[in-house]
$ cat final.txt   # compact mmCIF, C-alpha atoms and all ligand atoms
# COMPACT_ATOMS: atom_id res chain seq x y z
CA MET A 1160 163.42 138.88 80.35
CA GLY A 1161 164.98 135.85 78.69
CA LYS A 1162 168.35 134.45 79.72
CA GLU A 1163 170.02 136.32 76.87
CA GLY A 1164 168.48 139.61 78.06
CA ILE A 1165 165.89 139.62 75.27
CA PRO A 1166 162.40 140.56 76.48
CA ILE A 1167 159.92 137.69 76.38
CA ILE A 1168 156.38 138.37 75.15
CA THR A 1169 153.84 135.64 75.80
CA VAL A 1170 150.99 135.54 73.31
CA THR A 1171 147.78 133.84 74.42
CA MET A 1172 145.50 132.22 71.84
CA SER A 1173 148.54 132.30 69.56
CA THR A 1174 147.08 129.94 66.98
CA GLY A 1175 143.93 132.07 66.57
CA LEU A 1176 143.37 134.74 63.94
CA GLN A 1177 144.63 137.60 66.10
CA GLY A 1178 147.36 135.58 67.80
CA ARG A 1179 148.93 134.43 64.52
CA GLY A 1180 149.19 138.05 63.33
CA VAL A 1181 150.62 139.18 66.66
CA VAL A 1182 153.25 136.41 66.73
CA LYS A 1183 154.18 137.09 63.10
CA GLN A 1184 154.63 140.83 63.62
CA LEU A 1185 156.53 140.47 66.91
CA SER A 1186 158.80 137.90 65.30
CA LYS A 1187 159.40 140.22 62.35
CA SER A 1188 160.47 143.03 64.69
CA GLY A 1189 163.41 140.93 65.88
CA LYS A 1190 163.20 142.59 69.30
CA TYR A 1191 161.56 139.89 71.37
CA LYS A 1192 161.52 136.26 72.25
CA ILE A 1193 157.93 135.14 71.65
CA ARG A 1194 156.22 132.47 73.72
CA ALA A 1195 153.25 131.28 71.73
CA LEU A 1196 150.69 129.77 74.09
CA THR A 1197 148.52 126.96 72.73
CA ARG A 1198 146.61 124.02 74.15
CA ASN A 1199 148.03 121.85 71.41
CA PRO A 1200 151.67 122.45 70.43
CA SER A 1201 151.61 119.60 67.92
CA SER A 1202 148.87 121.19 65.76
CA LYS A 1203 149.83 122.24 62.25
CA THR A 1204 149.16 125.93 63.02
CA ALA A 1205 151.27 125.81 66.18
CA GLN A 1206 154.11 124.14 64.28
CA GLN A 1207 153.95 126.85 61.61
CA LEU A 1208 154.35 129.47 64.33
CA ALA A 1209 157.28 127.56 65.82
CA ASP A 1210 159.07 127.84 62.47
CA LEU A 1211 159.15 131.65 62.74
CA PRO A 1212 162.32 133.28 64.11
CA ASN A 1213 162.45 133.76 67.91
CA VAL A 1214 159.21 131.85 68.52
CA GLU A 1215 158.84 129.00 70.97
CA LEU A 1216 155.62 127.18 71.82
CA ILE A 1217 154.32 126.77 75.33
CA GLU A 1218 151.44 124.52 76.28
CA GLY A 1219 148.75 126.28 78.28
CA ASN A 1220 145.03 126.66 78.75
CA LEU A 1221 143.12 129.80 79.67
CA LEU A 1222 141.00 127.66 81.98
CA ASP A 1223 144.05 126.65 84.03
CA TYR A 1224 145.17 129.43 86.37
CA GLU A 1225 148.17 127.55 87.85
CA GLY A 1226 149.38 126.55 84.39
CA LEU A 1227 149.06 130.14 83.16
CA LYS A 1228 151.30 131.39 85.95
CA LYS A 1229 154.04 129.05 84.68
CA CYS A 1230 153.47 130.19 81.09
CA PHE A 1231 153.75 133.87 82.06
CA LYS A 1232 156.86 133.46 84.26
CA ASP A 1233 159.71 135.80 83.19
CA SER A 1234 157.50 137.59 80.67
CA TYR A 1235 158.20 141.22 79.88
CA GLY A 1236 154.96 141.48 77.92
CA ILE A 1237 151.71 139.55 77.55
CA PHE A 1238 149.22 139.66 74.70
CA ALA A 1239 145.98 138.66 76.40
CA ASN A 1240 143.01 137.46 74.38
CA THR A 1241 139.93 135.44 75.33
CA THR A 1242 137.26 133.60 73.41
CA PRO A 1243 133.53 133.08 73.94
CA THR A 1244 133.63 129.96 71.72
CA LYS A 1245 133.03 126.86 73.83
CA GLY A 1246 133.16 123.76 71.65
CA LEU A 1247 130.25 124.00 69.26
CA GLN A 1248 128.63 126.86 71.19
CA PRO A 1249 129.89 130.06 69.53
CA LEU A 1250 129.10 132.65 72.16
CA VAL A 1251 129.21 131.74 75.83
CA ARG A 1252 129.65 134.88 77.92
CA GLU A 1253 130.51 133.09 81.19
CA TYR A 1254 133.14 130.93 79.44
CA GLU A 1255 134.95 134.05 78.23
CA ILE A 1256 134.75 135.73 81.64
CA GLU A 1257 136.21 132.61 83.28
CA GLN A 1258 139.22 132.81 80.94
CA GLY A 1259 139.60 136.54 81.54
CA LYS A 1260 139.61 136.10 85.31
CA ASN A 1261 142.17 133.26 85.13
CA LEU A 1262 144.34 135.38 82.86
CA ILE A 1263 144.22 138.42 85.08
CA ASN A 1264 144.64 136.48 88.32
CA ALA A 1265 147.70 134.76 86.87
CA ILE A 1266 149.14 138.03 85.56
CA ARG A 1267 148.48 139.77 88.89
CA ASP A 1268 150.22 136.95 90.75
CA ILE A 1269 153.40 136.92 88.62
CA LYS A 1270 153.60 140.72 88.58
CA GLY A 1271 155.56 140.57 91.85
CA GLU A 1272 158.52 139.05 89.98
CA GLY A 1273 159.04 142.62 88.76
CA LEU A 1274 159.73 141.67 85.15
CA LEU A 1275 156.32 142.27 83.63
CA LYS A 1276 156.13 145.72 82.06
CA HIS A 1277 153.36 145.67 79.46
CA ILE A 1278 150.05 143.86 78.89
CA VAL A 1279 148.05 144.29 75.70
CA PHE A 1280 144.47 143.12 76.29
CA SER A 1281 142.34 142.54 73.23
CA SER A 1282 138.77 143.64 73.89
CA ILE A 1283 136.11 144.89 71.50
CA CYS A 1284 135.10 148.33 70.19
CA LYS A 1285 133.09 150.54 72.52
CA ALA A 1286 130.55 153.00 71.17
CA LYS A 1287 131.28 156.72 71.52
CA ASN A 1288 128.17 157.26 73.56
CA PRO A 1289 128.04 154.60 76.30
CA LEU A 1290 124.32 155.23 76.85
CA LYS A 1291 123.69 153.71 73.45
CA ASN A 1292 125.53 150.53 74.39
CA ASP A 1293 122.52 148.78 75.94
CA PRO A 1294 121.62 146.05 75.39
CA ALA A 1295 125.12 145.07 74.34
CA PRO A 1296 125.76 141.58 73.01
CA GLY A 1297 127.03 139.13 75.64
CA HIS A 1298 130.36 138.58 73.85
CA PHE A 1299 130.98 142.35 73.98
CA SER A 1300 129.97 142.96 77.58
CA SER A 1301 132.06 139.95 78.67
CA LYS A 1302 135.17 141.72 77.37
CA TRP A 1303 134.22 145.01 79.00
CA ASP A 1304 133.70 143.11 82.27
CA ILE A 1305 137.21 141.69 81.88
CA GLU A 1306 138.49 145.25 81.30
CA THR A 1307 136.94 146.21 84.63
CA TYR A 1308 138.48 143.17 86.32
CA LEU A 1309 141.87 144.28 84.99
CA GLU A 1310 141.32 147.70 86.49
CA VAL A 1311 140.18 146.53 89.92
CA ASN A 1312 143.21 144.26 90.08
CA GLY A 1313 145.49 147.24 89.69
CA LEU A 1314 146.83 146.34 86.25
CA SER A 1315 145.68 149.40 84.27
CA LYS A 1316 149.02 151.14 84.62
CA LEU A 1317 150.71 148.25 82.81
CA THR A 1318 148.04 147.77 80.18
CA THR A 1319 147.05 148.92 76.73
CA ILE A 1320 143.53 147.87 75.78
CA ILE A 1321 142.96 147.40 72.06
CA ARG A 1322 139.35 147.23 70.92
CA PRO A 1323 139.13 145.90 67.37
CA ALA A 1324 136.05 146.32 65.16
CA SER A 1325 134.66 143.45 63.03
CA TYR A 1326 137.25 141.55 60.98
CA PHE A 1327 137.25 141.68 57.17
CA GLU A 1328 137.75 137.91 57.52
CA ASN A 1329 134.10 137.56 58.62
CA PHE A 1330 133.12 138.30 55.02
CA ASP A 1331 134.75 135.08 53.99
CA GLY A 1332 133.50 132.79 56.74
CA ASP A 1333 132.41 129.17 56.59
CA LEU A 1334 128.75 129.72 57.37
CA PRO A 1335 126.37 129.35 54.43
CA GLY A 1336 125.22 132.76 53.22
CA LEU A 1337 128.21 134.47 54.82
CA LYS A 1338 130.77 133.96 52.06
CA ILE A 1339 131.70 136.17 49.12
CA THR A 1340 130.44 134.71 45.84
CA GLU A 1341 130.31 135.79 42.21
CA THR A 1342 127.21 137.89 42.86
CA THR A 1343 127.08 138.52 46.59
CA PHE A 1344 128.96 140.32 49.33
CA PRO A 1345 127.67 139.02 52.68
CA GLY A 1346 127.13 140.89 55.93
CA VAL A 1347 124.92 140.98 59.01
CA VAL A 1348 124.53 144.77 59.29
CA ASN A 1349 121.88 146.79 57.44
CA PRO A 1350 123.13 147.63 53.90
CA ASN A 1351 122.83 151.39 54.46
CA LYS A 1352 124.48 151.63 57.88
CA PRO A 1353 128.17 152.56 58.22
CA TRP A 1354 130.10 149.60 59.61
CA GLN A 1355 133.69 149.82 60.89
CA THR A 1356 135.91 146.87 60.01
CA ILE A 1357 139.58 145.84 60.10
CA ALA A 1358 141.93 143.26 58.55
CA VAL A 1359 142.79 140.86 61.35
CA GLU A 1360 146.46 141.06 60.35
CA ASP A 1361 146.41 144.77 61.18
CA ILE A 1362 145.60 143.92 64.80
CA GLY A 1363 148.99 142.20 64.85
CA LYS A 1364 150.64 145.28 63.35
CA TRP A 1365 149.04 147.57 65.95
CA THR A 1366 149.98 145.22 68.78
CA ALA A 1367 153.63 145.11 67.70
CA ALA A 1368 153.69 148.92 67.40
CA ILE A 1369 152.15 149.21 70.88
CA PHE A 1370 154.74 146.87 72.42
CA ASN A 1371 157.48 148.81 70.59
CA ASN A 1372 156.37 152.16 72.01
CA PRO A 1373 155.16 151.53 75.58
CA LYS A 1374 155.60 155.17 76.60
CA ARG A 1375 152.96 156.25 74.12
CA PHE A 1376 150.47 153.44 74.62
CA ILE A 1377 150.59 152.16 78.22
CA GLY A 1378 147.45 153.14 80.13
CA GLN A 1379 145.57 153.82 76.88
CA SER A 1380 142.49 152.18 75.33
CA ILE A 1381 142.17 152.35 71.59
CA ASN A 1382 139.29 151.40 69.31
CA LEU A 1383 140.80 149.89 66.15
CA ALA A 1384 139.32 149.93 62.65
CA GLY A 1385 140.69 150.31 59.14
CA GLU A 1386 137.51 151.08 57.20
CA GLU A 1387 134.05 152.52 57.67
CA MET A 1388 131.73 151.61 54.81
CA THR A 1389 128.14 150.54 54.33
CA GLY A 1390 127.35 147.04 53.11
CA LYS A 1391 126.12 148.50 49.83
CA ASP A 1392 129.42 150.33 49.34
CA MET A 1393 131.45 147.24 50.13
CA ALA A 1394 129.49 145.22 47.53
CA ALA A 1395 129.94 148.02 44.99
CA LEU A 1396 133.69 148.10 45.71
CA LEU A 1397 133.99 144.39 45.05
CA GLY A 1398 132.02 144.82 41.81
CA GLU A 1399 134.37 147.62 40.69
CA LEU A 1400 137.47 145.58 41.51
CA ARG A 1401 136.15 142.72 39.40
CA GLY A 1402 135.80 144.95 36.37
CA LYS A 1403 133.20 145.89 33.80
CA ASN A 1404 132.56 142.40 32.45
CA ALA A 1405 131.87 140.85 35.84
CA LYS A 1406 128.36 140.19 37.17
CA LYS A 1407 126.77 142.77 39.48
CA VAL A 1408 127.60 142.17 43.16
CA SER A 1409 124.80 142.74 45.68
CA TYR A 1410 125.01 142.96 49.45
CA LYS A 1411 123.26 140.03 51.09
CA MET A 1412 122.10 140.17 54.71
CA PRO A 1413 120.30 137.28 56.45
CA PRO A 1414 116.90 138.23 57.95
CA ARG A 1415 117.53 139.44 61.49
CA PHE A 1416 114.96 137.11 63.06
CA LEU A 1417 116.67 134.10 61.46
CA LEU A 1418 120.08 135.30 62.60
CA LYS A 1419 118.76 135.67 66.16
CA LEU A 1420 117.20 132.22 65.93
CA PHE A 1421 120.49 130.57 64.98
CA ILE A 1422 123.12 132.74 66.72
CA HIS A 1423 121.18 135.06 68.98
CA ASP A 1424 124.10 137.23 70.07
CA ILE A 1425 125.21 137.94 66.50
CA GLY A 1426 121.73 139.33 65.83
CA VAL A 1427 121.95 141.46 68.97
CA MET A 1428 125.40 142.56 67.79
CA ALA A 1429 124.04 143.64 64.41
CA ASP A 1430 121.31 145.69 66.17
CA TRP A 1431 123.98 147.19 68.41
CA ILE A 1432 126.32 148.16 65.54
CA GLU A 1433 123.42 149.80 63.70
CA ARG A 1434 122.24 151.65 66.81
CA ALA A 1435 125.43 152.54 68.66
CA ALA A 1436 128.17 151.97 66.05
CA TYR A 1437 131.79 151.16 66.78
CA GLY A 1438 133.55 154.22 68.08
CA ALA A 1439 136.87 154.10 66.23
CA ASP A 1440 138.26 157.49 65.21
CA LEU A 1441 139.59 156.65 61.76
CA ASN A 1442 141.29 159.99 61.16
CA ASN A 1443 143.20 159.81 64.41
CA LEU A 1444 144.12 156.16 63.78
CA LYS A 1445 145.54 157.13 60.38
CA LEU A 1446 147.71 159.77 62.03
CA ILE A 1447 148.99 157.37 64.68
CA ALA A 1448 149.54 154.66 62.05
CA LYS A 1449 151.67 157.04 60.03
CA GLU A 1450 153.74 158.04 63.05
CA GLU A 1451 154.21 154.43 64.14
CA ASN A 1452 154.86 153.13 60.62
CA ILE A 1453 151.83 150.83 60.65
CA GLN A 1454 150.77 149.91 57.11
CA MET A 1455 146.99 149.59 57.41
CA THR A 1456 145.22 147.26 54.98
CA SER A 1457 142.34 148.72 52.99
CA LEU A 1458 139.35 146.54 52.19
CA ALA A 1459 140.22 146.91 48.49
CA LYS A 1460 143.73 145.58 49.10
CA TRP A 1461 142.42 142.75 51.25
CA LEU A 1462 139.93 141.75 48.59
CA LYS A 1463 142.61 141.89 45.90
CA ASP A 1464 145.05 139.85 48.00
CA LYS A 1465 142.36 137.28 48.70
CA GLN A 1466 141.60 137.29 44.97
CA LYS A 1467 137.85 137.35 45.38
CA PHE A 1468 137.49 137.91 41.67
CA SER A 1469 136.40 134.55 40.29
N1 LIG B 1501 135.34 138.04 64.56
C1 LIG B 1501 135.42 139.35 64.73
O1 LIG B 1501 135.04 140.16 63.86
C2 LIG B 1501 136.00 139.89 66.01
C3 LIG B 1501 136.25 141.26 66.13
C4 LIG B 1501 136.78 141.75 67.33
C5 LIG B 1501 137.05 140.87 68.37
N2 LIG B 1501 136.77 139.54 68.22
C6 LIG B 1501 137.04 138.66 69.37
O2 LIG B 1501 138.26 138.00 69.15
C7 LIG B 1501 138.30 136.84 70.00
C8 LIG B 1501 138.77 135.67 69.21
O3 LIG B 1501 140.07 135.91 68.76
P1 LIG B 1501 140.58 135.20 67.46
O4 LIG B 1501 139.65 135.55 66.35
O5 LIG B 1501 142.00 135.50 67.34
O6 LIG B 1501 140.39 133.67 67.87
P2 LIG B 1501 140.11 132.39 66.98
O7 LIG B 1501 140.70 132.54 65.63
O8 LIG B 1501 138.69 132.02 67.12
O9 LIG B 1501 141.01 131.31 67.72
C9 LIG B 1501 140.74 130.88 68.95
C10 LIG B 1501 142.06 130.29 69.49
O10 LIG B 1501 141.95 130.24 70.88
C11 LIG B 1501 142.60 129.14 71.37
N3 LIG B 1501 141.80 128.70 72.50
C12 LIG B 1501 140.51 128.33 72.54
N4 LIG B 1501 140.15 128.00 73.79
C13 LIG B 1501 141.25 128.18 74.54
C14 LIG B 1501 141.52 128.00 75.90
N5 LIG B 1501 140.60 127.55 76.74
N6 LIG B 1501 142.76 128.28 76.34
C15 LIG B 1501 143.70 128.73 75.49
N7 LIG B 1501 143.50 128.90 74.19
C16 LIG B 1501 142.29 128.63 73.73
C17 LIG B 1501 142.67 128.10 70.27
O11 LIG B 1501 143.99 127.68 70.15
P3 LIG B 1501 144.56 126.23 70.56
O12 LIG B 1501 143.56 125.21 70.18
O13 LIG B 1501 145.83 126.16 69.76
O14 LIG B 1501 144.81 126.30 72.01
C18 LIG B 1501 142.31 128.91 69.02
O15 LIG B 1501 143.39 128.98 68.12
C19 LIG B 1501 136.89 136.63 70.49
O16 LIG B 1501 136.80 137.06 71.82
C20 LIG B 1501 136.06 137.54 69.59
O17 LIG B 1501 134.87 137.96 70.20
C21 LIG B 1501 136.30 139.04 67.07

$ encode --input "final.txt" --output "structure tokens" --more "lines below"
Ligand SMILES: NC(=O)c1ccc[n+]([C@@H]2O[C@H](COP(=O)([O-])OP(=O)(O)OC[C@H]3O[C@@H](n4cnc5c(N)ncnc54)[C@H](OP(=O)(O)O)[C@@H]3O)[C@@H](O)[C@H]2O)c1
Amino acid sequence: MGKEGIPIITVTMSTGLQGRGVVKQLSKSGKYKIRALTRNPSSKTAQQLADLPNVELIEGNLLDYEGLKKCFKDSYGIFANTTPTKGLQPLVREYEIEQGKNLINAIRDIKGEGLLKHIVFSSICKAKNPLKNDPAPGHFSSKWDIETYLEVNGLSKLTTIIRPASYFENFDGDLPGLKITETTFPGVVNPNKPWQTIAVEDIGKWTAAIFNNPKRFIGQSINLAGEEMTGKDMAALLGELRGKNAKKVSYKMPPRFLLKLFIHDIGVMADWIERAAYGADLNNLKLIAKEENIQMTSLAKWLKDKQKFS
């Protein structure tokens, strides 16, 4: 609780895709003081966050347990996120687990202050049938291992675990062959397999709704997705949105062996999504979203907003 009696929510990885949405939505709610944790408060993204109402920056590093304890002091809530990206290496399982353990150890050790009431941990979708999970990609199992670490440290009763599906934003990435063009819609999953996805901004909306209604969400785990479409359908949707005179849009998937050669775990992830699928219950999510006033973003709206029509 802040000095003025306003609950403080500390957001880890605040300058990341999820963190920015979470900070924005919490700020919009007007209910909290938001501590946006970053390694570099002078970065442009951090400064943009600091311009939002009720947001202050705090310097911290998920690799620094002692520093994290200071960042979390007096927090009512914590949005906990971790990353497998270590410098130029995109997916380092052990690096993510190290952050998760620091996070949880620090949270566990400030819990005694008695102020902390709610943790939202951002994990990754689990399949409906756990037997189909193996072999899971390393950057998925790392998050599930962190979930277990949370549990064994006695924090489940304070925690909501959100498990987002793949971001829409991946369709507009920087990697060659993984960007929407005039004639292609890119993806790593087989064109005929249903693939659950979500606008990253919606993760922020869900997180704010979860913090706003702890009674409903504490102790729960929730797979989050906004759409379930095949690659072919997504390409066709983009074609339709562009209109009759536009060129045909085809779904383009890199050969799996090449994907595995360059980013092995993303290839394993594509296999996993095709085999086990993300387990989000879209109908139930729509019901909850309606009750909690969460405006979910459709892929069509996201594409229109991003103006992928040139
Ligand atoms: N891409 C997807 O489709 C998808 C779907 C579901 C889940 N996920 C998971 O989402 C997570 C990534 O979240 P995101 O997309 O929001 O992140 P992101 O956009 O990749 O941003 C990462 C942020 O983390 C911060 N950071 C990096 N190392 C840090 C450290 N050691 N200590 C503190 N902060 C650190 C950086 O901020 P500063 O430099 O400002 O400190 C950076 O802004 C990953 O675990 C990924 O597996 C991704």

$ atom_distance --input "final.txt" --atom1 "atom CA of A:Lys1302" --atom2 "atom CA of A:Ile1283"
6.7 Å

$ residues_near_point --input "final.txt" --point "(139.0, 148.2, 82.1)" --cutoff "12 Å" --atoms "only C-alpha atoms" --output "PyMOL selection string"
chain A and resi 1259+1263+1279-1283+1285+1300-1322+1378-1381

$ closest_atom_pairs --input "final.txt" --of "stretch 1296-1403 of chain A" --to "stretch 1450-1459 of chain A" --cutoff "9 Å" --atoms "all atoms listed in the file" --output "JSON lines"
{"residue": "A:Phe1327", "atom": "CA", "partner": "A:Leu1458", "partner_atom": "CA", "distance": 7.3}
{"residue": "A:Thr1356", "atom": "CA", "partner": "A:Leu1458", "partner_atom": "CA", "distance": 8.5}
{"residue": "A:Ile1357", "atom": "CA", "partner": "A:Thr1456", "partner_atom": "CA", "distance": 7.7}
{"residue": "A:Ala1358", "atom": "CA", "partner": "A:Thr1456", "partner_atom": "CA", "distance": 6.3}
{"residue": "A:Glu1360", "atom": "CA", "partner": "A:Thr1456", "partner_atom": "CA", "distance": 8.3}
{"residue": "A:Asp1361", "atom": "CA", "partner": "A:Met1455", "partner_atom": "CA", "distance": 6.1}
{"residue": "A:Lys1364", "atom": "CA", "partner": "A:Ile1453", "partner_atom": "CA", "distance": 6.3}
{"residue": "A:Trp1365", "atom": "CA", "partner": "A:Ile1453", "partner_atom": "CA", "distance": 6.8}
{"residue": "A:Ala1368", "atom": "CA", "partner": "A:Glu1451", "partner_atom": "CA", "distance": 6.4}
{"residue": "A:Ile1369", "atom": "CA", "partner": "A:Glu1451", "partner_atom": "CA", "distance": 8.8}
{"residue": "A:Asn1372", "atom": "CA", "partner": "A:Glu1451", "partner_atom": "CA", "distance": 8.5}
{"residue": "A:Gly1385", "atom": "CA", "partner": "A:Ser1457", "partner_atom": "CA", "distance": 6.6}
{"residue": "A:Glu1386", "atom": "CA", "partner": "A:Ser1457", "partner_atom": "CA", "distance": 6.8}
{"residue": "A:Met1393", "atom": "CA", "partner": "A:Leu1458", "partner_atom": "CA", "distance": 8.2}
{"residue": "A:Leu1396", "atom": "CA", "partner": "A:Ala1459", "partner_atom": "CA", "distance": 7.2}
{"residue": "A:Leu1397", "atom": "CA", "partner": "A:Ala1459", "partner_atom": "CA", "distance": 7.5}
{"residue": "A:Leu1400", "atom": "CA", "partner": "A:Ala1459", "partner_atom": "CA", "distance": 7.6}

$ closest_residue --input "final.txt" --among "A:Tyr1254, A:Phe1416, A:Phe1299, A:Phe1330" --to "A:Lys1465" --atoms "only C-alpha atoms"
A:Phe1330

$ residues_near_ligand --input "final.txt" --ligand "ligand LIG 1501 (chain B)" --cutoff "7 Å" --atoms "all atoms listed in the file" --output "PyMOL selection string"
chain A and resi 1171-1178+1197-1200+1205+1219-1222+1240-1243+1258+1282-1283+1298-1299+1323-1326+1329

$ atom_distance --input "final.txt" --atom1 "atom CA of A:Val1359" --atom2 "atom CA of A:Pro1413"
23.3 Å

$ residues_around --input "final.txt" --residues "stretch 1418-1428 of chain A" --least-positions-apart "2" --cutoff "9 Å" --atoms "all atoms listed in the file" --output "PyMOL selection string"
chain A and resi 1249-1250+1294-1299+1347-1348+1413-1416+1430-1433

$ residues_around --input "final.txt" --residues "A:Pro1289" --least-positions-apart "3" --cutoff "10 Å" --atoms "all atoms listed in the file" --output "list in words"
Lys1285, Ala1286, Asn1292, Asp1293, Ala1435 and Gly1438 of chain A

$ atom_distance --input "final.txt" --atom1 "atom CA of A:Lys1260" --atom2 "atom CA of A:Lys1228"
12.6 Å

$ residues_near_point --input "final.txt" --point "(163.5, 134.4, 69.8)" --cutoff "7 Å" --atoms "only C-alpha atoms" --output "list in words"
Tyr1191, Lys1192, Ile1193, Pro1212, Asn1213 and Val1214 of chain A

$ residues_around --input "final.txt" --residues "A:Lys1190" --least-positions-apart "2" --cutoff "8 Å" --atoms "all atoms listed in the file" --output "PyMOL selection string"
chain A and resi 1165-1166+1185-1186+1188+1192

$ closest_residue --input "final.txt" --among "A:Lys1229, A:Lys1183, A:Arg1194, A:Lys1463" --to "A:Gly1398" --atoms "only C-alpha atoms"
A:Lys1463

$ closest_residue --input "final.txt" --among "A:Arg1252, A:Lys1460, A:Lys1270, A:Arg1434" --to "A:Phe1231" --atoms "only C-alpha atoms"
A:Lys1270

$ closest_residue --input "final.txt" --among "A:Gln1466, A:Gly1164, A:Lys1352, A:Trp1461" --to "A:Glu1328" --atoms "only C-alpha atoms"
A:Trp1461

$ axis_aligned_box --input "final.txt" --around "stretch 1275-1292 of chain A" --padding-each-side "3 Å" --output "JSON"
{"center_x": 140.0, "center_y": 149.8, "center_z": 76.9, "size_x": 38.6, "size_y": 21.0, "size_z": 19.4}

$ closest_residue --input "final.txt" --among "A:Pro1335, A:Thr1342, A:Ala1239, A:Lys1391" --to "A:Lys1406" --atoms "all atoms listed in the file"
A:Thr1342

$ decode --input "final.txt" --residues "stretch 1296-1315 of chain A" --atoms "N, CA and C atoms" --output "compact mmCIF listing (two decimals), in the first residue's frame"
# COMPACT_ATOMS: atom_id res chain seq x y z
N PRO A 1296 8.22 -27.71 -25.68
CA PRO A 1296 9.38 -26.84 -25.91
C PRO A 1296 9.95 -26.32 -24.58
N GLY A 1297 11.26 -26.09 -24.57
CA GLY A 1297 11.94 -25.68 -23.33
C GLY A 1297 11.40 -24.38 -22.76
N HIS A 1298 10.96 -23.45 -23.65
CA HIS A 1298 10.48 -22.16 -23.13
C HIS A 1298 9.02 -22.26 -22.68
N PHE A 1299 8.41 -23.45 -22.82
CA PHE A 1299 7.10 -23.70 -22.21
C PHE A 1299 7.32 -24.39 -20.86
N SER A 1300 8.13 -25.46 -20.90
CA SER A 1300 8.30 -26.23 -19.66
C SER A 1300 8.99 -25.38 -18.59
N SER A 1301 9.81 -24.42 -19.01
CA SER A 1301 10.46 -23.54 -18.01
C SER A 1301 9.39 -22.80 -17.22
N LYS A 1302 8.35 -22.33 -17.92
CA LYS A 1302 7.29 -21.58 -17.22
C LYS A 1302 6.47 -22.51 -16.32
N TRP A 1303 6.23 -23.71 -16.80
CA TRP A 1303 5.47 -24.65 -15.95
C TRP A 1303 6.30 -25.06 -14.73
N ASP A 1304 7.63 -25.11 -14.89
CA ASP A 1304 8.49 -25.39 -13.73
C ASP A 1304 8.41 -24.23 -12.73
N ILE A 1305 8.33 -23.02 -13.25
CA ILE A 1305 8.21 -21.85 -12.36
C ILE A 1305 6.85 -21.89 -11.65
N GLU A 1306 5.81 -22.33 -12.36
CA GLU A 1306 4.49 -22.48 -11.72
C GLU A 1306 4.61 -23.42 -10.52
N THR A 1307 5.33 -24.53 -10.73
CA THR A 1307 5.50 -25.50 -9.64
C THR A 1307 6.28 -24.88 -8.48
N TYR A 1308 7.29 -24.09 -8.82
CA TYR A 1308 8.11 -23.45 -7.79
C TYR A 1308 7.26 -22.49 -6.95
N LEU A 1309 6.34 -21.82 -7.64
CA LEU A 1309 5.39 -20.93 -6.95
C LEU A 1309 4.58 -21.72 -5.92
N GLU A 1310 4.12 -22.87 -6.40
CA GLU A 1310 3.26 -23.71 -5.56
C GLU A 1310 4.03 -24.24 -4.34
N VAL A 1311 5.23 -24.77 -4.59
CA VAL A 1311 5.96 -25.36 -3.45
C VAL A 1311 6.41 -24.29 -2.45
N ASN A 1312 6.44 -23.04 -2.91
CA ASN A 1312 6.78 -21.96 -1.98
C ASN A 1312 5.56 -21.35 -1.31
N GLY A 1313 4.44 -22.03 -1.46
CA GLY A 1313 3.24 -21.63 -0.71
C GLY A 1313 2.57 -20.36 -1.22
N LEU A 1314 2.77 -20.03 -2.50
CA LEU A 1314 2.21 -18.76 -2.99
C LEU A 1314 0.93 -18.93 -3.81
N SER A 1315 0.50 -20.18 -4.01
CA SER A 1315 -0.67 -20.41 -4.88
C SER A 1315 -1.91 -19.65 -4.42
